[in-house]
Amino acid sequence: MKITILGSGTNMHPRRAAAGYLISTDRPIVLDFGPRTLPNLLKTGVDRHTLQHLVFTHYHADHFSDFITFFFDAVCHALYGGGSRGPLHIYGPPGTKRLFGTLLTTIPVFSNAPFKVVLREVHRRPFHIGQTEITPIPMTHTDSQVCLGYRFAHRGRAAAFSGDAMASPNLVKICRGVDVAIMDCSFSSRSPGASHMHAEQCGKVANEARVKTLVLSHFYETADRSNVVKQAGKYYPGKIIKAKDLLDIQV
C-alpha cells in the first residue's frame, strides 16, 4: 500500500492544498477531495479518467470541493473529448445520497454523465474495494456534521485516517496497531482550537493505539508555525512525520 498526500492543509492555507489522499493498492482510491487537491492528483501521474473509487470522510468544503471540478472534467471528457470511463463509485457518511443526488441533478451538464455513478452510504460495517478492506467509524468533530474515520487494510498492512476529529475512543480504535496513522493536527498545542486536535493530543492517541508511524496532517497556519513534531513526541516515542503535499508514504 502506498499513500500519496494530495493535500495536507486546510481551506485557505496559502502553501498547502486542503485535505486529500491517494491510496494505491490493487487499484487507486481517493480519500477526500479538498480545494487544490485535483492539480496535485494530476502531478502524481495517475490518469484521473481511470479513477473509479472516491471515499469521503464528510462534506465540509475543505474535504470535498474539488469533486465539482473533477466531475465536470470527467463528463466533458466523456461527452466531448472522445474519451470514456468506467463507473464512478462514491462512498461516504449518511447524507451522501441526498447531497450527490442533488448535485448530479441540478448542476449544468452533471445530469448528462454518460457513465454510471454509484452512491453508497457507509457507517460502521467494513466494505471492500478490490482487495482492500475499509472500515468506517464515526469520529467526534461537530454536532452538525457526521464525520467518518477510516481504516484501510491490504495484504497484511493497515493505515488509519482520522478525517476531521477530536480525540476519542473511536479514534484510538481505528488506529489500534496500524502501520501508519494520519491524524488531524490542525493546531499547535500552544494554540488549541475547537473541533480538531492539536499536536500533543495526536501524540497521546498514537501512543495509546500503539501505531508504528504517526503522520501529522490537516494544518492550519498556526500549526505550521510551531514544532508540532516535537509537541507530539512528548507523548509518542515512535516515528513522526509532518505531512507535506505530494509526499509518498510506503505502508
# chains A, B, ... in the order shown; residues from 1 in each chain; ligands from 1
$ residues_around --residues "Lys212 (chain A)" --least-positions-apart "3" --cutoff "8 Å" --atoms "only C-alpha atoms" --output "mmCIF file with C-alpha atoms, in the first residue's frame"
data_model
loop_
_atom_site.group_PDB
_atom_site.id
_atom_site.type_symbol
_atom_site.label_atom_id
_atom_site.label_comp_id
_atom_site.auth_asym_id
_atom_site.auth_seq_id
_atom_site.Cartn_x
_atom_site.Cartn_y
_atom_site.Cartn_z
ATOM 1 C CA GLY A 177 -1.787 -1.258 15.857
ATOM 2 C CA VAL A 178 -1.762 0.254 12.355
ATOM 3 C CA ASP A 179 1.428 0.697 10.368
ATOM 4 C CA VAL A 180 0.553 4.338 9.572
ATOM 5 C CA ALA A 181 -1.933 6.684 11.228
ATOM 6 C CA GLY A 238 7.690 6.343 17.731
ATOM 7 C CA LYS A 239 8.314 7.711 14.251
#
$ closest_atom_pairs --of "region 46-86 of chain A" --to "region 151-165 of chain A" --cutoff "9 Å" --atoms "only C-alpha atoms" --output "JSON lines"
{"residue": "A:Phe56", "atom": "CA", "partner": "A:Gly163", "partner_atom": "CA", "distance": 8.8}
{"residue": "A:Thr57", "atom": "CA", "partner": "A:Gly163", "partner_atom": "CA", "distance": 5.7}
{"residue": "A:His58", "atom": "CA", "partner": "A:Gly163", "partner_atom": "CA", "distance": 7.9}
{"residue": "A:His63", "atom": "CA", "partner": "A:Gly163", "partner_atom": "CA", "distance": 8.7}
$ residues_around --residues "Ser65 (chain A)" --least-positions-apart "6" --cutoff "7 Å" --atoms "only C-alpha atoms" --output "PyMOL selection string"
chain A and resi 33-35
$ write_last_selection --atoms "N, CA and C atoms" --output "PDB file, in the first residue's frame"
ATOM      1  N   PHE A  33     -11.364  15.222  -1.180  1.00  0.00           N
ATOM      2  CA  PHE A  33     -11.057  15.901  -2.443  1.00  0.00           C
ATOM      3  C   PHE A  33     -11.173  17.408  -2.205  1.00  0.00           C
ATOM      4  N   GLY A  34     -10.366  17.923  -1.265  1.00  0.00           N
ATOM      5  CA  GLY A  34     -10.446  19.322  -0.906  1.00  0.00           C
ATOM      6  C   GLY A  34      -9.876  20.239  -1.968  1.00  0.00           C
ATOM      7  N   PRO A  35     -10.011  21.555  -1.791  1.00  0.00           N
ATOM      8  CA  PRO A  35      -9.529  22.514  -2.779  1.00  0.00           C
ATOM      9  C   PRO A  35      -8.039  22.344  -3.048  1.00  0.00           C
TER      10      PRO A  35
END
$ select_by_dssp --residues "region 17-237 of chain A" --states "strand (DSSP E or B)" --output "PyMOL selection string"
chain A and resi 20-24+28-33+53-55+88-92+117-121+127-129+132-138+140+142+145+148-154+157-161+166+180-184+187+198+213-217
$ closest_atom_pairs --of "region 34-62 of chain A" --to "region 12-17 of chain A" --cutoff "10 Å" --atoms "only C-alpha atoms" --output "JSON lines"
{"residue": "A:Gly34", "atom": "CA", "partner": "A:Ala17", "partner_atom": "CA", "distance": 7.2}
{"residue": "A:Pro35", "atom": "CA", "partner": "A:Ala17", "partner_atom": "CA", "distance": 6.2}
{"residue": "A:Arg36", "atom": "CA", "partner": "A:Ala17", "partner_atom": "CA", "distance": 5.0}
{"residue": "A:Thr37", "atom": "CA", "partner": "A:Ala17", "partner_atom": "CA", "distance": 5.7}
{"residue": "A:Leu38", "atom": "CA", "partner": "A:Ala17", "partner_atom": "CA", "distance": 9.2}
{"residue": "A:Pro39", "atom": "CA", "partner": "A:Ala17", "partner_atom": "CA", "distance": 9.2}
{"residue": "A:Asn40", "atom": "CA", "partner": "A:Ala17", "partner_atom": "CA", "distance": 8.1}
{"residue": "A:Asp62", "atom": "CA", "partner": "A:Met12", "partner_atom": "CA", "distance": 8.5}
$ closest_residue --among "A:Ser195, A:Ser8, A:Ser168, A:Thr69" --to "Ile107 (chain A)" --atoms "only C-alpha atoms"
A:Thr69
$ closest_residue --among "A:Ser24, A:Asn11, A:Thr135, A:Gln201" --to "Leu148 (chain A)" --atoms "only C-alpha atoms"
A:Thr135
$ closest_residue --among "A:Gly9, A:Gly81, A:Pro28, A:Gly95" --to "Ser186 (chain A)" --atoms "only C-alpha atoms"
A:Gly9
$ residues_around --residues "Ala232 (chain A)" --least-positions-apart "6" --cutoff "6 Å" --atoms "only C-alpha atoms" --output "list of chain:residue names"
A:Ala199, A:Glu200, A:Gly203
$ residues_around --residues "Ile240 (chain A)" --least-positions-apart "6" --cutoff "6 Å" --atoms "only C-alpha atoms" --output "PyMOL selection string"
chain A and resi 213-215
$ closest_atom_pairs --of "region 28-99 of chain A" --to "region 111-119 of chain A" --cutoff "6 Å" --atoms "only C-alpha atoms" --output "tab-separated table"
residue	atom	partner	partner_atom	distance
A:Val75	CA	A:Ala113	CA	5.3
A:Pro87	CA	A:Lys116	CA	4.6
A:Leu88	CA	A:Val117	CA	4.8
A:His89	CA	A:Val118	CA	4.7
A:Ile90	CA	A:Leu119	CA	5.0
A:Lys97	CA	A:Leu119	CA	5.9
$ atom_distance --atom1 "CA of Ser189 (chain A)" --atom2 "CA of Val229 (chain A)"
10.6 Å
